[in-house]
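The file entry.txt comes next; it holds compact mmCIF, C-alpha atoms and all ligand atoms.
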# COMPACT_ATOMS: atom_id res chain seq x y z
CA MET A 1238 97.32 109.35 70.01
CA SER A 1239 96.98 111.58 73.09
CA ILE A 1240 99.62 114.18 74.00
CA LEU A 1241 100.43 112.26 77.18
CA GLN A 1242 100.83 109.01 75.26
CA SER A 1243 103.35 110.48 72.84
CA GLN A 1244 105.23 112.58 75.42
CA ASP A 1245 105.46 110.02 78.23
CA PRO A 1246 104.37 106.54 77.18
CA ALA A 1247 105.46 104.95 80.48
CA VAL A 1248 103.22 107.13 82.67
CA PHE A 1249 100.46 106.96 80.06
CA ALA A 1250 100.58 103.15 80.16
CA SER A 1251 100.28 103.07 83.94
CA ILE A 1252 97.23 105.35 83.86
CA GLN A 1253 95.65 103.40 81.05
CA SER A 1254 96.17 100.06 82.82
CA GLU A 1255 94.63 101.47 85.98
CA GLU A 1256 91.66 102.69 83.96
CA VAL A 1257 91.16 99.18 82.57
CA ARG A 1258 91.44 97.72 86.09
CA GLN A 1259 88.83 100.16 87.42
CA ARG A 1260 86.45 99.44 84.56
CA SER A 1261 86.76 95.66 84.40
CA GLY A 1262 86.86 94.77 88.11
CA LEU A 1263 84.56 95.05 91.09
CA GLU A 1264 85.73 97.83 93.41
CA LEU A 1265 84.66 96.90 96.92
CA ILE A 1266 87.09 99.01 98.94
CA ALA A 1267 84.71 100.87 101.26
CA SER A 1268 86.61 104.16 101.03
CA GLU A 1269 86.81 104.30 97.22
CA ASN A 1270 84.40 105.51 94.58
CA TYR A 1271 84.17 106.75 90.99
CA THR A 1272 83.90 110.50 90.39
CA SER A 1273 81.91 111.93 87.52
CA ARG A 1274 83.55 113.04 84.29
CA ALA A 1275 82.79 116.68 85.29
CA VAL A 1276 84.77 116.31 88.53
CA MET A 1277 87.70 114.76 86.66
CA GLU A 1278 87.61 117.57 84.10
CA ALA A 1279 87.89 120.20 86.85
CA CYS A 1280 90.73 118.28 88.53
CA GLY A 1281 92.65 118.15 85.25
CA SER A 1282 92.02 121.83 84.45
CA VAL A 1283 94.18 124.96 84.28
CA LEU A 1284 93.36 125.70 87.90
CA THR A 1285 96.27 123.44 88.79
CA ASN A 1286 98.55 126.28 87.64
CA LYS A 1287 97.32 128.84 90.17
CA TYR A 1288 98.73 129.82 93.56
CA ALA A 1289 96.08 131.22 95.87
CA GLU A 1290 97.35 131.25 99.47
CA GLY A 1291 94.69 132.82 101.64
CA TYR A 1292 90.91 132.77 101.28
CA PRO A 1293 88.45 134.23 98.72
CA GLY A 1294 88.87 138.02 98.65
CA ARG A 1295 91.92 137.81 100.96
CA ARG A 1296 94.71 136.22 98.92
CA TYR A 1297 98.48 136.67 98.98
CA TYR A 1298 98.70 136.45 95.15
CA GLY A 1299 97.25 138.45 92.31
CA GLY A 1300 95.07 136.98 89.60
CA CYS A 1301 92.84 135.08 92.01
CA VAL A 1302 89.49 136.44 90.84
CA HIS A 1303 88.41 133.26 89.06
CA VAL A 1304 89.66 130.76 91.64
CA ASP A 1305 87.87 132.92 94.24
CA THR A 1306 84.66 132.19 92.37
CA ALA A 1307 85.31 128.45 92.35
CA GLU A 1308 86.14 128.36 96.08
CA SER A 1309 83.13 130.53 96.99
CA ILE A 1310 80.83 128.17 95.07
CA ALA A 1311 82.34 125.20 96.94
CA ILE A 1312 81.83 126.97 100.30
CA ASP A 1313 78.22 127.96 99.57
CA ARG A 1314 77.27 124.50 98.34
CA ALA A 1315 78.94 122.72 101.27
CA LYS A 1316 76.99 124.98 103.67
CA GLN A 1317 73.75 124.19 101.88
CA LEU A 1318 74.49 120.46 101.69
CA PHE A 1319 75.30 119.93 105.37
CA GLY A 1320 73.59 122.92 107.00
CA THR A 1321 76.85 124.07 108.55
CA GLU A 1322 77.56 127.63 109.71
CA ALA A 1323 81.15 127.65 108.44
CA VAL A 1324 83.35 125.49 106.24
CA ASN A 1325 86.95 125.30 105.08
CA VAL A 1326 87.27 123.44 101.78
CA GLN A 1327 91.07 123.71 101.49
CA PRO A 1328 92.43 120.64 103.36
CA HIS A 1329 94.34 118.43 100.94
CA SER A 1330 93.09 115.30 102.72
CA GLY A 1331 91.06 113.99 105.62
CA SER A 1332 94.22 113.70 107.71
CA GLN A 1333 94.99 117.39 107.12
CA ALA A 1334 91.42 118.30 108.04
CA ASN A 1335 91.62 116.31 111.27
CA THR A 1336 94.98 117.78 112.19
CA ALA A 1337 93.59 121.28 111.57
CA VAL A 1338 90.86 120.62 114.13
CA TYR A 1339 93.43 119.49 116.71
CA LEU A 1340 95.65 122.49 115.99
CA SER A 1341 92.71 124.85 116.43
CA CYS A 1342 91.53 123.67 119.84
CA LEU A 1343 94.28 121.69 121.60
CA GLU A 1344 97.62 122.39 123.24
CA HIS A 1345 100.50 119.94 123.04
CA GLY A 1346 99.82 117.12 125.54
CA ASP A 1347 96.08 117.73 125.92
CA LYS A 1348 93.88 114.74 126.67
CA VAL A 1349 91.63 113.45 123.86
CA LEU A 1350 89.32 110.43 123.54
CA GLY A 1351 89.24 108.56 120.21
CA LEU A 1352 88.21 105.18 118.78
CA ASP A 1353 90.95 102.54 118.83
CA LEU A 1354 92.38 101.89 115.33
CA ALA A 1355 91.88 98.13 115.78
CA HIS A 1356 88.22 98.73 116.64
CA GLY A 1357 87.57 100.77 113.50
CA GLY A 1358 89.17 104.15 114.26
CA HIS A 1359 91.54 106.05 111.97
CA LEU A 1360 95.29 106.71 112.19
CA THR A 1361 94.52 110.35 112.99
CA HIS A 1362 92.36 109.35 115.96
CA GLY A 1363 95.43 108.97 118.15
CA MET A 1364 97.50 106.11 116.69
CA HIS A 1365 100.87 106.32 118.46
CA LEU A 1366 102.95 106.81 115.29
CA ASN A 1367 100.59 109.43 113.83
CA VAL A 1368 101.05 113.14 114.62
CA SER A 1369 97.77 112.99 116.59
CA GLY A 1370 99.20 110.35 118.94
CA ILE A 1371 102.60 112.03 119.08
CA LEU A 1372 101.37 115.53 119.98
CA TYR A 1373 98.31 114.78 122.10
CA ASP A 1374 97.51 112.42 124.94
CA PHE A 1375 94.91 110.12 123.37
CA VAL A 1376 92.92 107.58 125.36
CA SER A 1377 91.21 104.94 123.21
CA TYR A 1378 87.69 103.62 123.57
CA GLY A 1379 86.41 100.54 121.75
CA VAL A 1380 83.46 98.36 120.88
CA ASP A 1381 81.65 95.90 123.10
CA PRO A 1382 83.25 92.41 122.94
CA GLU A 1383 79.88 90.69 122.44
CA THR A 1384 77.93 93.03 120.14
CA HIS A 1385 80.87 94.75 118.43
CA ARG A 1386 78.91 98.00 118.72
CA LEU A 1387 80.41 101.15 120.20
CA ASP A 1388 80.53 100.79 123.97
CA LEU A 1389 79.05 104.13 125.05
CA ASP A 1390 79.20 103.20 128.73
CA GLN A 1391 82.94 102.82 128.29
CA VAL A 1392 83.17 106.17 126.45
CA SER A 1393 81.26 107.85 129.26
CA ARG A 1394 83.36 106.18 131.97
CA LEU A 1395 86.65 107.11 130.24
CA ALA A 1396 85.42 110.66 129.69
CA LYS A 1397 84.63 111.07 133.41
CA GLU A 1398 87.92 109.48 134.41
CA HIS A 1399 90.21 111.38 132.02
CA GLN A 1400 88.30 114.69 131.57
CA PRO A 1401 89.39 115.08 127.90
CA LYS A 1402 89.35 118.46 126.19
CA LEU A 1403 88.06 116.83 122.99
CA ILE A 1404 86.13 113.66 122.13
CA VAL A 1405 86.55 112.25 118.61
CA ALA A 1406 83.69 110.22 117.12
CA GLY A 1407 83.56 108.62 113.68
CA ALA A 1408 85.32 105.63 112.17
CA SER A 1409 87.02 104.07 109.18
CA ALA A 1410 85.86 100.52 109.72
CA TYR A 1411 82.62 100.44 111.70
CA PRO A 1412 79.54 98.93 110.06
CA ARG A 1413 76.90 100.65 112.19
CA GLU A 1414 75.50 104.18 112.47
CA ILE A 1415 77.55 106.48 114.71
CA PRO A 1416 75.35 107.75 117.60
CA HIS A 1417 76.37 111.42 117.39
CA GLU A 1418 73.84 112.70 119.89
CA GLU A 1419 74.93 110.25 122.57
CA PHE A 1420 78.53 111.36 122.01
CA ALA A 1421 77.43 115.01 122.26
CA GLN A 1422 75.76 114.30 125.60
CA ILE A 1423 78.88 112.58 126.96
CA ALA A 1424 81.02 115.52 125.78
CA GLU A 1425 78.66 118.03 127.39
CA ASP A 1426 78.67 116.07 130.67
CA VAL A 1427 82.46 116.49 131.01
CA GLY A 1428 82.80 119.91 129.36
CA ALA A 1429 84.65 118.52 126.31
CA LYS A 1430 84.23 119.60 122.71
CA LEU A 1431 82.89 117.05 120.21
CA PHE A 1432 84.64 116.42 116.91
CA VAL A 1433 83.03 114.01 114.41
CA ASP A 1434 85.07 112.58 111.54
CA MET A 1435 82.36 111.57 109.06
CA ALA A 1436 84.77 110.85 106.19
CA HIS A 1437 83.35 107.42 105.50
CA TYR A 1438 79.66 108.25 105.64
CA ALA A 1439 79.49 111.92 104.54
CA GLY A 1440 77.70 110.87 101.34
CA LEU A 1441 75.11 109.04 103.42
CA VAL A 1442 74.64 112.19 105.54
CA ALA A 1443 74.29 114.29 102.38
CA ALA A 1444 71.69 111.85 101.08
CA GLY A 1445 69.77 111.95 104.37
CA VAL A 1446 70.31 108.26 105.23
CA HIS A 1447 72.64 108.85 108.19
CA HIS A 1448 72.22 111.32 111.07
CA ASN A 1449 73.95 114.66 110.35
CA PRO A 1450 76.64 115.35 112.98
CA VAL A 1451 76.68 119.07 112.15
CA GLU A 1452 73.56 119.35 114.30
CA CYS A 1453 75.37 118.48 117.54
CA ALA A 1454 79.17 118.54 117.03
CA ASP A 1455 81.55 121.47 117.45
CA PHE A 1456 83.72 120.28 114.55
CA VAL A 1457 83.01 117.88 111.70
CA THR A 1458 85.53 116.76 109.10
CA THR A 1459 85.22 114.67 106.00
CA THR A 1460 87.06 113.55 102.95
CA THR A 1461 85.33 114.32 99.67
CA HIS A 1462 86.20 111.16 97.74
CA LYS A 1463 84.51 108.33 99.64
CA THR A 1464 80.70 108.03 99.78
CA LEU A 1465 80.55 111.73 98.79
CA ARG A 1466 81.97 110.71 95.38
CA GLY A 1467 84.04 113.80 94.70
CA PRO A 1468 87.74 114.49 94.14
CA ARG A 1469 90.41 113.31 96.58
CA GLY A 1470 90.54 115.84 99.41
CA GLY A 1471 89.19 116.98 102.78
CA MET A 1472 87.21 119.73 104.49
CA VAL A 1473 86.28 121.03 107.94
CA LEU A 1474 82.75 122.07 108.93
CA CYS A 1475 82.26 124.01 112.16
CA LYS A 1476 80.24 126.50 114.10
CA GLU A 1477 80.86 130.14 113.18
CA GLU A 1478 82.59 130.77 116.51
CA TYR A 1479 85.41 128.38 115.48
CA ALA A 1480 85.70 129.49 111.84
CA LYS A 1481 88.61 131.91 112.34
CA SER A 1482 90.75 129.47 114.27
CA ILE A 1483 90.00 126.61 111.83
CA ASN A 1484 90.94 128.84 108.89
CA ARG A 1485 94.16 129.85 110.63
CA SER A 1486 94.97 126.20 111.37
CA VAL A 1487 94.52 125.11 107.75
CA PHE A 1488 96.41 128.13 106.34
CA PRO A 1489 99.04 129.09 107.39
CA GLY A 1490 99.03 126.48 110.16
CA LEU A 1491 99.31 123.34 108.08
CA GLN A 1492 99.20 124.20 104.40
CA GLY A 1493 100.42 126.78 101.94
CA GLY A 1494 98.74 127.07 98.56
CA PRO A 1495 95.34 125.36 98.26
CA LEU A 1496 94.78 122.95 95.35
CA MET A 1497 92.36 125.11 93.37
CA HIS A 1498 91.68 122.47 90.69
CA ILE A 1499 90.61 120.06 93.45
CA ILE A 1500 88.53 122.76 95.15
CA ALA A 1501 86.70 123.29 91.84
CA GLY A 1502 86.15 119.50 91.76
CA LYS A 1503 84.76 119.70 95.31
CA ALA A 1504 82.33 122.43 94.21
CA ILE A 1505 81.07 120.16 91.42
CA CYS A 1506 80.80 117.20 93.78
CA PHE A 1507 78.71 119.23 96.26
CA GLY A 1508 76.45 120.37 93.41
CA GLU A 1509 75.95 116.74 92.42
CA ALA A 1510 75.30 115.72 96.03
CA LEU A 1511 72.51 118.31 96.31
CA THR A 1512 70.43 116.52 93.66
CA ASP A 1513 67.59 114.01 94.16
CA ASP A 1514 69.65 111.51 92.17
CA PHE A 1515 72.28 111.60 94.88
CA LYS A 1516 69.67 111.01 97.59
CA ALA A 1517 68.57 107.90 95.70
CA TYR A 1518 72.23 106.89 95.36
CA GLY A 1519 72.83 107.14 99.13
CA GLN A 1520 69.78 104.99 99.88
CA GLN A 1521 70.89 102.43 97.29
CA VAL A 1522 74.40 102.26 98.81
CA VAL A 1523 72.85 101.25 102.14
CA ASP A 1524 70.31 98.86 100.56
CA ASN A 1525 73.09 97.22 98.56
CA ALA A 1526 75.25 96.80 101.65
CA ARG A 1527 72.38 95.04 103.45
CA THR A 1528 71.75 92.73 100.51
CA LEU A 1529 75.44 91.91 100.14
CA ALA A 1530 75.74 91.30 103.90
CA ASP A 1531 72.72 88.96 103.83
CA SER A 1532 74.19 87.08 100.89
CA LEU A 1533 77.52 86.62 102.69
CA ILE A 1534 75.81 85.52 105.90
CA SER A 1535 73.68 82.96 104.04
CA GLY A 1536 76.92 81.66 102.53
CA GLY A 1537 78.10 80.88 106.06
CA VAL A 1538 80.39 83.85 106.65
CA THR A 1539 80.52 85.79 109.93
CA LEU A 1540 80.27 89.59 109.91
CA VAL A 1541 81.45 91.86 112.72
CA SER A 1542 78.32 92.98 114.66
CA GLY A 1543 76.27 90.55 112.56
CA GLY A 1544 75.63 92.90 109.64
CA THR A 1545 75.62 96.53 108.60
CA ASP A 1546 73.50 99.64 108.60
CA ASN A 1547 75.81 101.80 106.52
CA HIS A 1548 77.95 101.32 103.41
CA LEU A 1549 80.43 98.72 104.71
CA MET A 1550 80.84 95.38 106.40
CA LEU A 1551 83.73 93.57 108.05
CA VAL A 1552 84.03 89.89 107.21
CA ASN A 1553 85.70 87.65 109.77
CA VAL A 1554 87.38 85.35 107.23
CA PHE A 1555 89.62 83.74 109.83
CA ALA A 1556 86.79 82.64 112.12
CA SER A 1557 84.50 81.66 109.24
CA LEU A 1558 86.88 80.03 106.78
CA GLY A 1559 90.23 79.58 108.52
CA ILE A 1560 92.11 81.91 106.17
CA GLY A 1561 93.83 85.20 107.02
CA GLY A 1562 92.73 88.58 105.68
CA ARG A 1563 95.81 88.88 103.47
CA THR A 1564 95.09 85.56 101.77
CA ALA A 1565 91.42 86.50 101.34
CA GLU A 1566 92.38 89.84 99.77
CA GLU A 1567 94.75 88.04 97.37
CA ILE A 1568 92.20 85.39 96.35
CA LEU A 1569 89.57 88.03 95.67
CA ASP A 1570 92.10 90.09 93.71
CA ARG A 1571 92.62 87.09 91.43
CA CYS A 1572 88.86 87.07 90.82
CA GLY A 1573 88.83 90.76 89.87
CA ILE A 1574 87.23 91.70 93.21
CA THR A 1575 89.15 94.41 95.10
CA THR A 1576 88.86 94.57 98.90
CA ASN A 1577 91.26 95.33 101.74
CA LYS A 1578 92.45 93.21 104.62
CA ASN A 1579 91.42 94.75 107.92
CA MET A 1580 91.99 94.27 111.63
CA LEU A 1581 88.87 93.29 113.52
CA PRO A 1582 87.98 94.27 117.09
CA PHE A 1583 89.99 92.15 119.56
CA ASP A 1584 91.97 90.65 116.65
CA GLN A 1585 94.72 88.25 117.74
CA ARG A 1586 96.45 88.47 114.35
CA LYS A 1587 98.81 91.13 112.96
CA PRO A 1588 97.84 94.21 110.86
CA ASN A 1589 99.63 92.85 107.76
CA ASP A 1590 97.66 89.60 107.96
CA PRO A 1591 94.63 90.25 110.17
CA SER A 1592 91.44 88.22 110.57
CA GLY A 1593 89.20 90.29 108.37
CA VAL A 1594 88.47 91.97 105.09
CA ARG A 1595 86.52 95.20 104.75
CA ILE A 1596 83.94 95.42 101.98
CA GLY A 1597 81.87 98.40 100.87
CA THR A 1598 79.22 99.17 98.26
CA PRO A 1599 79.72 102.88 97.30
CA ALA A 1600 81.65 102.22 94.06
CA LEU A 1601 79.48 99.38 92.74
CA THR A 1602 76.38 101.46 93.46
CA SER A 1603 77.87 104.33 91.43
CA ARG A 1604 77.94 101.92 88.47
CA GLY A 1605 74.20 101.38 88.91
CA MET A 1606 74.39 97.90 90.42
CA GLY A 1607 71.50 96.81 92.64
CA SER A 1608 70.12 93.91 94.61
CA ASP A 1609 70.54 91.14 91.96
CA GLU A 1610 74.16 92.09 91.37
CA MET A 1611 74.89 92.19 95.12
CA LYS A 1612 73.59 88.62 95.47
CA SER A 1613 75.91 87.46 92.66
CA VAL A 1614 78.87 89.33 94.18
CA GLY A 1615 78.16 87.75 97.58
CA ASN A 1616 78.02 84.27 96.05
CA TRP A 1617 81.28 84.80 94.16
CA ILE A 1618 83.07 86.03 97.28
CA VAL A 1619 81.92 83.08 99.39
CA SER A 1620 82.63 80.56 96.68
CA ALA A 1621 86.15 81.91 95.99
CA LEU A 1622 87.08 82.09 99.68
CA LYS A 1623 85.75 78.61 100.43
CA ASN A 1624 87.98 77.23 97.67
CA PRO A 1625 91.27 79.10 98.18
CA GLU A 1626 93.35 76.71 96.01
CA ASP A 1627 90.93 76.35 93.08
CA GLU A 1628 92.53 78.52 90.41
CA ALA A 1629 90.13 77.38 87.70
CA LEU A 1630 87.22 78.56 89.83
CA HIS A 1631 88.91 81.91 90.46
CA GLN A 1632 89.46 82.33 86.74
CA SER A 1633 85.87 81.52 85.95
CA ILE A 1634 84.67 84.02 88.60
CA GLN A 1635 86.94 86.63 87.07
CA GLN A 1636 85.27 86.07 83.70
CA ASP A 1637 81.84 86.48 85.29
CA VAL A 1638 83.06 89.64 87.04
CA ASN A 1639 84.33 91.10 83.75
CA ALA A 1640 81.02 90.27 82.02
CA LEU A 1641 79.04 91.98 84.81
CA CYS A 1642 81.27 95.07 84.64
CA GLU A 1643 80.63 95.38 80.90
CA GLN A 1644 76.93 95.80 81.67
CA PHE A 1645 77.54 98.56 84.26
CA PRO A 1646 79.80 101.34 82.94
CA VAL A 1647 81.68 103.51 85.41
CA PRO A 1648 80.13 107.00 85.95
CA ALA A 1649 82.68 108.73 83.68
CA ASP A 1650 81.32 106.60 80.79
CA GLN A 1651 77.62 106.88 81.67
N1 LIG B 1701 92.50 104.99 104.53
C1 LIG B 1701 91.12 105.37 104.50
C2 LIG B 1701 90.23 104.19 104.48
O1 LIG B 1701 90.46 103.32 103.65
O2 LIG B 1701 89.28 104.10 105.25
C3 LIG B 1701 90.77 106.27 105.61
O3 LIG B 1701 91.53 107.43 105.46
Representation of the structure as structure tokens:
Amino acid sequence: MSILQSQDPAVFASIQSEEVRQRSGLELIASENYTSRAVMEACGSVLTNKYAEGYPGRRYYGGCVHVDTAESIAIDRAKQLFGTEAVNVQPHSGSQANTAVYLSCLEHGDKVLGLDLAHGGHLTHGMHLNVSGILYDFVSYGVDPETHRLDLDQVSRLAKEHQPKLIVAGASAYPREIPHEEFAQIAEDVGAKLFVDMAHYAGLVAAGVHHNPVECADFVTTTTHKTLRGPRGGMVLCKEEYAKSINRSVFPGLQGGPLMHIIAGKAICFGEALTDDFKAYGQQVVDNARTLADSLISGGVTLVSGGTDNHLMLVNVFASLGIGGRTAEEILDRCGITTNKNMLPFDQRKPNDPSGVRIGTPALTSRGMGSDEMKSVGNWIVSALKNPEDEALHQSIQQDVNALCEQFPVPADQ
């Protein structure tokens, strides 16, 4: 019996049940992944006990020599991985990282351009209830109504009209490559700074299968737990000229003590992402997404923009099958397939029951699944959603899902 099990059986049981769920089901939430056992070990280590406000070599606490080593390794590896001049690995999350960028270069009320949440943007890209939308004057751009691809003419027009201080590129639910260089040109034309939030596709950038925004953006942020497959957290990459103000914005601007156990996990994640195995992983994530998208399309389902060239796709379940996104998410849950309901561009439905579901391949790819498995997953999804009332079918799909998962252990068990 583990110590946790005997000391606190209730919490132990919740963790154990979640572990079973993660092992026996298909995780298709585009922003989730499975970390390695090494990352989990670091995150559950004694480093959780240590306060280390400040930065390596400049701390406000004694006894920081060893956590300094861990943070310095994380910094060096992140620089090597993304070719950035400077990096701050302390943000507790992507939202903290994004807010640190705003704090470093904007004044209250400054004008900013960001992607509309309903068109694939993130809460921190100016949503009116988020601190970004409360403190700064965001103007939203969107996708083209026909192609569902980013409307760069609109971005350029809005930039000229509003003269923003900052343009935010990057997305949480956009199935195509983000054209960083075009954004950089638009920013340069109006004298704005460019900030790219690559949280969703940082792993693809690390693997060399998506353009690297560090080459043309003033600021880049990411989470470390999505395609990058590390511990839950964030970071900011920037040019050296902004390093001091970014560091000040993270600490003491937004945060106190950094989570040193998570920073050690980030260091391990970056080390893993520097390997050839990770490059192959990134390519496979994209290949799997294409295969899954093709399988869904051949099953008669419509995808936003007609497909994908990254790790995710948006299925228009309402237009294709006459069911809402919430119902689709629930049906798939019953089959052991985890997705999330998602607003689609120009959606007429509400966020708690929108027209779409978002599906991604990073987690299944981490289990070693490939093209054959993606075809089966696509068939199961279509079949379940076309028969929303058929509980026997859902049960039988769940059994097939469990059998498939047995063949593909999660990374911590590999
Ligand atoms: N909520 C995350 C996602 O699922 O995309 C973004 O932070």
I'd like the neighbourhood of A:Thr1564 as an NGL selection string, where a residue qualifies if any of its atoms comes within 10 Å (using all atoms listed in the file), though same-chain residues fewer than 3 positions away should be ignored. :A and (1554-1555 or 1560-1561 or 1567-1570 or 1578 or 1590-1592 or 1594 or 1622 or 1625)
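One finds atom CA of A:Asp1650 at 7.7 Å from atom CA of A:Arg1274.
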With all atoms listed in the file as the basis for distance, which of A:His1365, A:His1437, A:Arg1527, A:His1631 is at the shortest distance from ligand LIG 1701 (chain B)? A:His1437
Which residue of A:Leu1343, A:Ala1275, A:Ala1408, A:Val1538 approaches ligand LIG 1701 (chain B) most closely, using all atoms listed in the file: A:Ala1408
Between atom CA of A:Tyr1288 and atom CA of A:Asp1305, measure the distance and give it in Å to one decimal. 11.3 Å
Would you give me, as CSV, each residue of chain A having an atom within 12 Å of an atom of ligand LIG 1701 (chain B), along with its shortest atom pair and that distance in Å to one decimal, using all atoms listed in the file and sorting by chain and residue number?
residue,atom,partner,partner_atom,distance
A:Leu1265,CA,B:LIG1701,O1,11.0
A:Ile1266,CA,B:LIG1701,O1,7.2
A:Ala1267,CA,B:LIG1701,O1,6.7
A:Ser1268,CA,B:LIG1701,O1,4.7
A:Glu1269,CA,B:LIG1701,O1,7.5
A:Asn1270,CA,B:LIG1701,O1,11.1
A:Ser1330,CA,B:LIG1701,O3,8.5
A:Gly1331,CA,B:LIG1701,O3,6.6
A:Ser1332,CA,B:LIG1701,O3,7.2
A:Gln1333,CA,B:LIG1701,O3,10.7
A:Ala1334,CA,B:LIG1701,O3,11.2
A:Asn1335,CA,B:LIG1701,O3,10.6
A:Leu1354,CA,B:LIG1701,O2,10.8
A:Gly1357,CA,B:LIG1701,O2,9.1
A:Gly1358,CA,B:LIG1701,O2,9.0
A:His1359,CA,B:LIG1701,C3,6.4
A:Leu1360,CA,B:LIG1701,O3,7.7
A:Thr1361,CA,B:LIG1701,O3,8.6
A:His1362,CA,B:LIG1701,O3,10.7
A:Gly1407,CA,B:LIG1701,C3,11.1
A:Ala1408,CA,B:LIG1701,O2,8.1
A:Ser1409,CA,B:LIG1701,O2,4.5
A:Ala1410,CA,B:LIG1701,O2,6.7
A:Tyr1411,CA,B:LIG1701,O2,10.0
A:Asp1434,CA,B:LIG1701,O3,10.3
A:Met1435,CA,B:LIG1701,C3,10.5
A:Ala1436,CA,B:LIG1701,C3,7.6
A:His1437,CA,B:LIG1701,O2,6.8
A:Tyr1438,CA,B:LIG1701,O2,10.5
A:Thr1458,CA,B:LIG1701,O3,11.7
A:Thr1459,CA,B:LIG1701,O3,9.6
A:Thr1460,CA,B:LIG1701,O3,8.0
A:Thr1461,CA,B:LIG1701,O3,10.9
A:His1462,CA,B:LIG1701,O3,10.1
A:Lys1463,CA,B:LIG1701,O2,8.5
A:Thr1464,CA,B:LIG1701,O2,10.9
A:Arg1469,CA,B:LIG1701,O3,10.7
A:Gly1470,CA,B:LIG1701,O3,10.4
A:Gly1471,CA,B:LIG1701,O3,10.2
A:His1548,CA,B:LIG1701,O2,11.8
A:Leu1549,CA,B:LIG1701,O2,10.4
A:Thr1576,CA,B:LIG1701,O1,10.1
A:Asn1577,CA,B:LIG1701,O1,8.3
A:Lys1578,CA,B:LIG1701,O1,10.3
A:Asn1579,CA,B:LIG1701,O1,9.6
A:Val1594,CA,B:LIG1701,O1,11.6
A:Arg1595,CA,B:LIG1701,O1,9.1
A:Ile1596,CA,B:LIG1701,O1,10.4
A:Gly1597,CA,B:LIG1701,O1,10.3
If we draw a sphere of 8 Å around (88.4, 119.3, 92.9), which residues have at least one atom in it when counting all atoms listed in the file? Please report them as a list in words. Val1276, Met1277, Ala1279, Cys1280, Gly1467, Pro1468, Arg1469, Gly1470, Leu1496, Met1497, His1498, Ile1499, Ile1500, Ala1501, Gly1502, Lys1503, Ala1504, Ile1505 and Cys1506 of chain A
Write out, as a short mmCIF file (atom, residue, chain, number, x, y, z; two decimals), in the frame of the given file, the residues just selected, with C-alpha atoms.
data_model
loop_
_atom_site.label_atom_id
_atom_site.label_comp_id
_atom_site.auth_asym_id
_atom_site.auth_seq_id
_atom_site.Cartn_x
_atom_site.Cartn_y
_atom_site.Cartn_z
CA VAL A 1276 84.77 116.31 88.53
CA MET A 1277 87.70 114.76 86.66
CA ALA A 1279 87.89 120.20 86.85
CA CYS A 1280 90.73 118.28 88.53
CA GLY A 1467 84.04 113.80 94.70
CA PRO A 1468 87.74 114.49 94.14
CA ARG A 1469 90.41 113.31 96.58
CA GLY A 1470 90.54 115.84 99.41
CA LEU A 1496 94.78 122.95 95.35
CA MET A 1497 92.36 125.11 93.37
CA HIS A 1498 91.68 122.47 90.69
CA ILE A 1499 90.61 120.06 93.45
CA ILE A 1500 88.53 122.76 95.15
CA ALA A 1501 86.70 123.29 91.84
CA GLY A 1502 86.15 119.50 91.76
CA LYS A 1503 84.76 119.70 95.31
CA ALA A 1504 82.33 122.43 94.21
CA ILE A 1505 81.07 120.16 91.42
CA CYS A 1506 80.80 117.20 93.78
#
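Interatomic distance, atom CA of A:Val1473 to atom CA of A:Phe1456: 7.1 Å.
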Would you pick out the contacts of stretch 1252-1260 of chain A at 9 Å or less, using only C-alpha atoms, so that residues sharing its chain but fewer than 6 positions from it are not included, and give the list as a PyMOL selection string? chain A and resi 1271+1573+1639+1642-1643+1645-1647
Can you tell me, as a PyMOL selection string, what residues are no more than 8 Å from A:Thr1539 when counting all atoms listed in the file, ignoring any on the same chain fewer than 5 positions away? chain A and resi 1533-1534+1552-1554+1556-1557
Write the selection just made, keeping C-alpha atoms, as a compact mmCIF listing (two decimals), in the coordinates of the input?
# COMPACT_ATOMS: atom_id res chain seq x y z
CA LEU A 1533 77.52 86.62 102.69
CA ILE A 1534 75.81 85.52 105.90
CA VAL A 1552 84.03 89.89 107.21
CA ASN A 1553 85.70 87.65 109.77
CA VAL A 1554 87.38 85.35 107.23
CA ALA A 1556 86.79 82.64 112.12
CA SER A 1557 84.50 81.66 109.24
